[in-house]
>>> print(open('work_13.txt').read())   # compact mmCIF, C-alpha atoms
# COMPACT_ATOMS: atom_id res chain seq x y z
CA MET A 1339 132.23 54.42 149.58
CA LEU A 1340 130.16 53.68 146.50
CA CYS A 1341 129.88 55.42 143.17
CA PHE A 1342 126.49 56.54 141.84
CA LEU A 1343 124.38 57.18 138.73
CA LEU A 1344 121.02 56.44 137.10
CA MET A 1345 119.96 54.78 133.86
CA ILE A 1346 117.81 52.44 131.70
CA PRO A 1347 115.01 52.87 129.25
CA ALA A 1348 111.56 52.68 130.79
CA GLN A 1349 107.98 53.09 129.61
CA MET A 1350 106.65 56.31 131.13
CA THR A 1351 103.24 57.89 131.00
CA GLY A 1352 101.54 60.86 132.61
CA ALA A 1353 102.52 64.40 133.48
CA ALA A 1354 105.00 63.40 136.19
CA GLU A 1355 106.92 61.19 133.78
CA ARG A 1356 106.92 63.86 131.07
CA ALA A 1357 108.47 66.29 133.55
CA PHE A 1358 111.40 63.86 133.77
CA GLN A 1359 111.89 63.77 129.99
CA ALA A 1360 112.80 67.37 129.34
CA GLY A 1361 116.03 66.50 127.51
CA PRO A 1362 119.55 65.17 128.00
CA VAL A 1363 121.11 65.34 131.46
CA ASN A 1364 122.88 68.65 131.97
CA PRO A 1365 126.64 67.87 131.99
CA SER A 1366 127.22 70.55 134.62
CA LEU A 1367 124.74 68.79 136.92
CA LEU A 1368 126.63 65.51 136.52
CA ASP A 1369 129.91 67.33 137.21
CA SER A 1370 128.37 68.81 140.37
CA LEU A 1371 127.17 65.38 141.49
CA ARG A 1372 130.71 64.06 141.12
CA GLN A 1373 131.80 66.70 143.63
CA GLY A 1374 129.16 65.59 146.14
CA GLY A 1375 126.86 67.58 148.38
CA TYR A 1376 123.48 66.45 147.01
CA ILE A 1377 120.64 64.15 148.01
CA LEU A 1378 119.41 61.80 145.29
CA TYR A 1379 115.81 60.90 146.01
CA VAL A 1380 114.95 57.83 143.92
CA ARG A 1381 111.64 56.08 143.41
CA HIS A 1382 111.67 52.27 143.52
CA GLY A 1383 111.62 50.16 140.34
CA GLU A 1384 108.55 48.89 138.51
CA ALA A 1385 106.26 46.92 140.83
CA THR A 1386 103.71 44.22 140.14
CA ALA A 1387 100.17 45.29 139.25
CA GLY A 1388 97.52 45.66 141.91
CA GLU A 1389 97.52 47.25 145.33
CA ASP A 1390 99.09 46.65 148.69
CA ARG A 1391 96.73 44.69 150.93
CA PRO A 1392 94.73 46.50 153.61
CA ASN A 1393 96.49 44.29 156.18
CA LEU A 1394 99.92 45.22 154.80
CA ASP A 1395 102.70 43.80 156.97
CA LEU A 1396 106.16 45.33 156.51
CA ARG A 1397 107.71 41.98 157.49
CA ASP A 1398 105.65 40.00 154.96
CA CYS A 1399 106.34 40.76 151.27
CA SER A 1400 103.31 38.64 150.26
CA THR A 1401 101.04 41.42 151.58
CA GLN A 1402 102.72 44.02 149.34
CA ARG A 1403 103.25 44.94 145.71
CA ASN A 1404 106.79 43.79 144.90
CA LEU A 1405 109.29 44.46 142.14
CA SER A 1406 108.45 42.87 138.81
CA GLY A 1407 111.16 41.17 136.76
CA GLU A 1408 111.54 44.43 134.86
CA GLY A 1409 111.78 46.34 138.14
CA ARG A 1410 114.66 44.11 139.27
CA ARG A 1411 116.43 44.59 135.96
CA GLN A 1412 115.97 48.35 136.29
CA ALA A 1413 117.44 48.38 139.79
CA GLU A 1414 120.52 46.40 138.77
CA ALA A 1415 121.11 48.60 135.73
CA PHE A 1416 120.61 51.70 137.88
CA GLY A 1417 123.47 50.66 140.15
CA GLU A 1418 125.70 49.78 137.20
CA ALA A 1419 125.05 53.17 135.65
CA ILE A 1420 125.88 54.94 138.90
CA ARG A 1421 129.23 53.23 139.05
CA ARG A 1422 129.92 54.05 135.40
CA LEU A 1423 129.36 57.77 136.03
CA HIS A 1424 131.67 57.76 139.07
CA ILE A 1425 129.26 59.71 141.26
CA PRO A 1426 130.19 59.13 144.93
CA VAL A 1427 127.46 57.87 147.23
CA GLN A 1428 127.44 58.07 151.02
CA SER A 1429 127.08 54.72 152.76
CA PRO A 1430 124.63 53.55 153.87
CA VAL A 1431 122.05 54.18 151.18
CA LEU A 1432 118.68 54.77 152.87
CA ALA A 1433 115.60 52.79 151.80
CA GLY A 1434 111.96 52.74 152.82
CA PRO A 1435 110.74 49.65 154.70
CA LEU A 1436 108.44 48.26 151.99
CA CYS A 1437 109.90 45.26 150.15
CA ARG A 1438 109.99 47.01 146.78
CA THR A 1439 112.03 49.97 148.06
CA ARG A 1440 114.38 47.78 150.04
CA GLU A 1441 114.95 45.38 147.15
CA THR A 1442 115.54 48.22 144.69
CA ALA A 1443 118.26 49.65 146.91
CA GLU A 1444 119.85 46.27 147.61
CA LEU A 1445 119.96 45.28 143.93
CA ALA A 1446 121.49 48.62 142.99
CA PHE A 1447 124.00 49.03 145.82
CA GLY A 1448 124.35 45.71 147.62
CA GLU A 1449 122.49 44.56 150.73
CA GLU A 1450 125.45 45.37 152.97
CA ASN A 1451 125.33 49.02 151.89
CA VAL A 1452 121.62 49.62 152.59
CA GLN A 1453 119.95 50.81 155.78
CA ILE A 1454 116.17 50.63 156.21
CA ASP A 1455 114.65 53.89 157.44
CA PRO A 1456 111.07 53.54 158.73
CA PHE A 1457 110.37 57.25 158.15
CA TRP A 1458 109.69 56.69 154.45
CA ILE A 1459 106.49 54.75 155.12
CA ARG A 1460 105.05 58.16 156.01
CA ILE A 1461 105.77 59.36 152.48
CA TYR A 1462 104.12 56.22 151.07
CA ARG A 1463 101.01 56.97 153.14
CA LEU A 1464 100.69 60.49 151.69
CA SER A 1465 99.10 58.88 148.63
CA GLY A 1466 96.38 57.39 150.81
CA ASP A 1467 93.89 58.75 153.30
CA VAL A 1468 95.79 61.02 155.68
CA THR A 1469 94.58 64.00 157.65
CA PRO A 1470 95.87 67.51 156.83
CA SER A 1471 97.81 67.54 160.10
CA GLU A 1472 99.43 64.19 159.32
CA ARG A 1473 100.43 65.44 155.87
CA GLU A 1474 101.82 68.68 157.29
CA ALA A 1475 103.86 66.80 159.90
CA ALA A 1476 105.26 64.35 157.33
CA LEU A 1477 106.28 67.16 154.97
CA ALA A 1478 107.90 69.14 157.79
CA ALA A 1479 109.93 66.05 158.73
CA LEU A 1480 110.82 65.55 155.05
CA THR A 1481 112.13 69.12 154.83
CA SER A 1482 114.29 68.55 157.91
CA ILE A 1483 115.81 65.45 156.27
CA LEU A 1484 116.41 67.13 152.90
CA GLU A 1485 118.16 70.08 154.56
CA LYS A 1486 120.98 67.88 155.84
CA THR A 1487 124.22 67.97 153.88
CA PRO A 1488 125.84 64.60 153.20
CA SER A 1489 129.41 63.76 154.19
CA PRO A 1490 131.97 65.85 152.24
CA GLY A 1491 132.60 64.54 148.73
CA THR A 1492 129.55 62.24 148.71
CA ASN A 1493 125.85 62.25 147.82
CA GLN A 1494 123.14 60.72 150.00
CA VAL A 1495 120.83 58.32 148.15
CA ILE A 1496 117.29 57.68 149.39
CA VAL A 1497 115.15 54.99 147.72
CA ALA A 1498 111.49 55.47 148.53
CA HIS A 1499 108.18 56.44 146.89
CA SER A 1500 106.56 58.97 144.61
CA PHE A 1501 104.45 61.82 146.01
CA PRO A 1502 100.92 62.91 145.14
CA LYS A 1503 100.71 65.63 142.50
CA GLY A 1504 101.72 69.01 143.92
CA VAL A 1505 102.93 67.54 147.22
CA GLY A 1506 106.53 67.31 148.42
CA LEU A 1507 108.80 66.38 145.50
CA GLY A 1508 105.80 65.65 143.25
CA GLY A 1509 105.19 62.67 140.98
CA ILE A 1510 108.24 60.53 140.18
CA PRO A 1511 108.39 57.70 137.60
CA ASN A 1512 109.96 54.31 138.30
CA LEU A 1513 113.64 54.87 139.20
CA GLY A 1514 113.32 58.54 138.41
CA THR A 1515 115.64 60.68 140.55
CA VAL A 1516 115.04 64.09 142.07
CA VAL A 1517 118.38 65.82 142.70
CA VAL A 1518 118.10 67.88 145.88
CA LYS A 1519 120.61 70.48 147.06
CA PRO A 1520 120.44 70.85 150.85
CA ARG A 1521 120.94 74.38 152.17
CA GLY A 1522 121.73 73.31 155.72
CA GLN A 1523 119.66 72.67 158.82
CA GLY A 1524 116.83 75.19 159.08
CA GLN A 1525 117.66 76.67 155.65
CA GLY A 1526 115.52 74.44 153.43
CA TYR A 1527 116.54 72.84 150.16
CA GLU A 1528 116.22 73.33 146.42
CA VAL A 1529 115.50 70.89 143.60
CA ALA A 1530 118.55 71.05 141.34
CA GLY A 1531 117.24 68.68 138.68
CA ARG A 1532 115.14 65.66 137.78
CA ILE A 1533 116.62 62.69 135.95
CA SER A 1534 114.74 59.81 134.35
CA LEU A 1535 116.20 56.43 133.53
CA ALA A 1536 115.71 57.08 129.84
CA GLU A 1537 117.98 60.13 129.94
CA LEU A 1538 121.05 58.39 131.28
CA PRO A 1539 122.32 55.78 128.77
CA ASN A 1540 124.30 58.45 126.90
CA ALA A 1541 125.24 60.57 129.93
CA ARG A 1542 128.97 61.22 130.30
>>> encode(input="work_13.txt", output="structure tokens")
Amino acid sequence: MLCFLLMIPAQMTGAAERAFQAGPVNPSLLDSLRQGGYILYVRHGEATAGEDRPNLDLRDCSTQRNLSGEGRRQAEAFGEAIRRLHIPVQSPVLAGPLCRTRETAELAFGEENVQIDPFWIRIYRLSGDVTPSEREAALAALTSILEKTPSPGTNQVIVAHSFPKGVGLGGIPNLGTVVVKPRGQGQGYEVAGRISLAELPNAR
């Protein structure tokens, strides 16, 4: 079992980022996370400028935007912060198949503790050209995943992508975390909080 948190200063712009900077982390939320029972949905670290190539190949990182040096530093510090806060994390940590999500998870938690889940490429594609039916199906599958309670005394961590504005969990800054409370299969979920890297250095 691992122990989890979130931290690091980061440059953030836009409405989504401002939503993550509402103030210090609520101590009661951190206490609840230490008891387990939550899903921590985390966006990958800062990536290089540009766009993924039209011929993107999941097996070839050269066709993708990858973590920048700052993004790697963020991921390592994220894992260190998680361990400092003693928040238990279910193993394996789940990561999307793109190189930047996989590397973020591996730097934070160790390669041996990460499992690649191909589902999260569907969330990545929501920011592109998808049909309404494709979007609806992806969001229905997302709800089914976020309804599942983690193993007792742990929190499930998912490292993936941001969402378009007003869709799913909404916009998420680099290594921002949406804290989700599953209600059980078929019962939906609620967003218990949003935590940015900048909020965590002084969290206790």
>>> closest_residue(input="work_13.txt", among="A:Arg1532, A:Arg1410, A:His1499, A:Arg1460", to="Ala1479 of chain A", atoms="all atoms listed in the file")
A:Arg1460
>>> residues_around(input="work_13.txt", residues="segment 1518-1527 of chain A", least_positions_apart="2", cutoff="9 Å", atoms="only C-alpha atoms", output="VMD selection string")
chain A and resid 1375 to 1379 1481 to 1488 1516 1529 to 1532
>>> atom_distance(input="work_13.txt", atom1="atom CA of Leu1535 of chain A", atom2="atom CA of Glu1408 of chain A")
12.9 Å
>>> atom_distance(input="work_13.txt", atom1="atom CA of Leu1405 of chain A", atom2="atom CA of Ala1433 of chain A")
14.2 Å
>>> residues_around(input="work_13.txt", residues="Asp1390 of chain A", least_positions_apart="4", cutoff="7 Å", atoms="only C-alpha atoms", output="number ranges by chain")
A: 1394, 1401-1403
>>> residues_near_point(input="work_13.txt", point="(121.5, 47.3, 147.6)", cutoff="10 Å", atoms="all atoms listed in the file", output="CSV table (one decimal) with C-alpha atoms, in the frame of the given file")
chain,number,residue,atom,x,y,z
A,1413,ALA,CA,117.4,48.4,139.8
A,1414,GLU,CA,120.5,46.4,138.8
A,1417,GLY,CA,123.5,50.7,140.2
A,1430,PRO,CA,124.6,53.6,153.9
A,1431,VAL,CA,122.0,54.2,151.2
A,1432,LEU,CA,118.7,54.8,152.9
A,1433,ALA,CA,115.6,52.8,151.8
A,1439,THR,CA,112.0,50.0,148.1
A,1440,ARG,CA,114.4,47.8,150.0
A,1441,GLU,CA,115.0,45.4,147.2
A,1442,THR,CA,115.5,48.2,144.7
A,1443,ALA,CA,118.3,49.6,146.9
A,1444,GLU,CA,119.8,46.3,147.6
A,1445,LEU,CA,120.0,45.3,143.9
A,1446,ALA,CA,121.5,48.6,143.0
A,1447,PHE,CA,124.0,49.0,145.8
A,1448,GLY,CA,124.4,45.7,147.6
A,1449,GLU,CA,122.5,44.6,150.7
A,1450,GLU,CA,125.4,45.4,153.0
A,1451,ASN,CA,125.3,49.0,151.9
A,1452,VAL,CA,121.6,49.6,152.6
A,1453,GLN,CA,120.0,50.8,155.8
A,1497,VAL,CA,115.2,55.0,147.7
>>> closest_residue(input="work_13.txt", among="A:Thr1469, A:Thr1386, A:Ser1400, A:Ser1370", to="Leu1423 of chain A", atoms="all atoms listed in the file")
A:Ser1370
>>> atom_distance(input="work_13.txt", atom1="atom CA of Gly1383 of chain A", atom2="atom CA of Trp1458 of chain A")
15.7 Å
>>> residues_around(input="work_13.txt", residues="Glu1472 of chain A", least_positions_apart="6", cutoff="12 Å", atoms="only C-alpha atoms", output="ChimeraX atom specification")
/A:1460-1461,1463-1466,1478-1479
>>> axis_aligned_box(input="work_13.txt", around="segment 1375-1391 of chain A", padding_each_side="6 Å", output="lines of an AutoDock Vina configuration file")
center_x = 111.8
center_y = 55.9
center_z = 144.7
size_x = 42.1
size_y = 35.4
size_z = 24.4
>>> closest_residue(input="work_13.txt", among="A:Val1505, A:Cys1437, A:Arg1372, A:Arg1381", to="Ile1420 of chain A", atoms="all atoms listed in the file")
A:Arg1372
>>> closest_residue(input="work_13.txt", among="A:Cys1399, A:Pro1426, A:Phe1416, A:Leu1480", to="Asp1369 of chain A", atoms="only C-alpha atoms")
A:Pro1426
>>> residues_near_point(input="work_13.txt", point="(129.1, 65.7, 131.8)", cutoff="6 Å", atoms="all atoms listed in the file", output="PyMOL selection string")
chain A and resi 1365-1366+1368-1369+1542
>>> closest_residue(input="work_13.txt", among="A:Leu1507, A:Gly1407, A:Pro1456, A:Gln1373", to="Ile1425 of chain A", atoms="all atoms listed in the file")
A:Gln1373
>>> closest_residue(input="work_13.txt", among="A:Ala1385, A:Ser1489, A:Leu1513, A:Arg1421", to="Arg1438 of chain A", atoms="all atoms listed in the file")
A:Ala1385
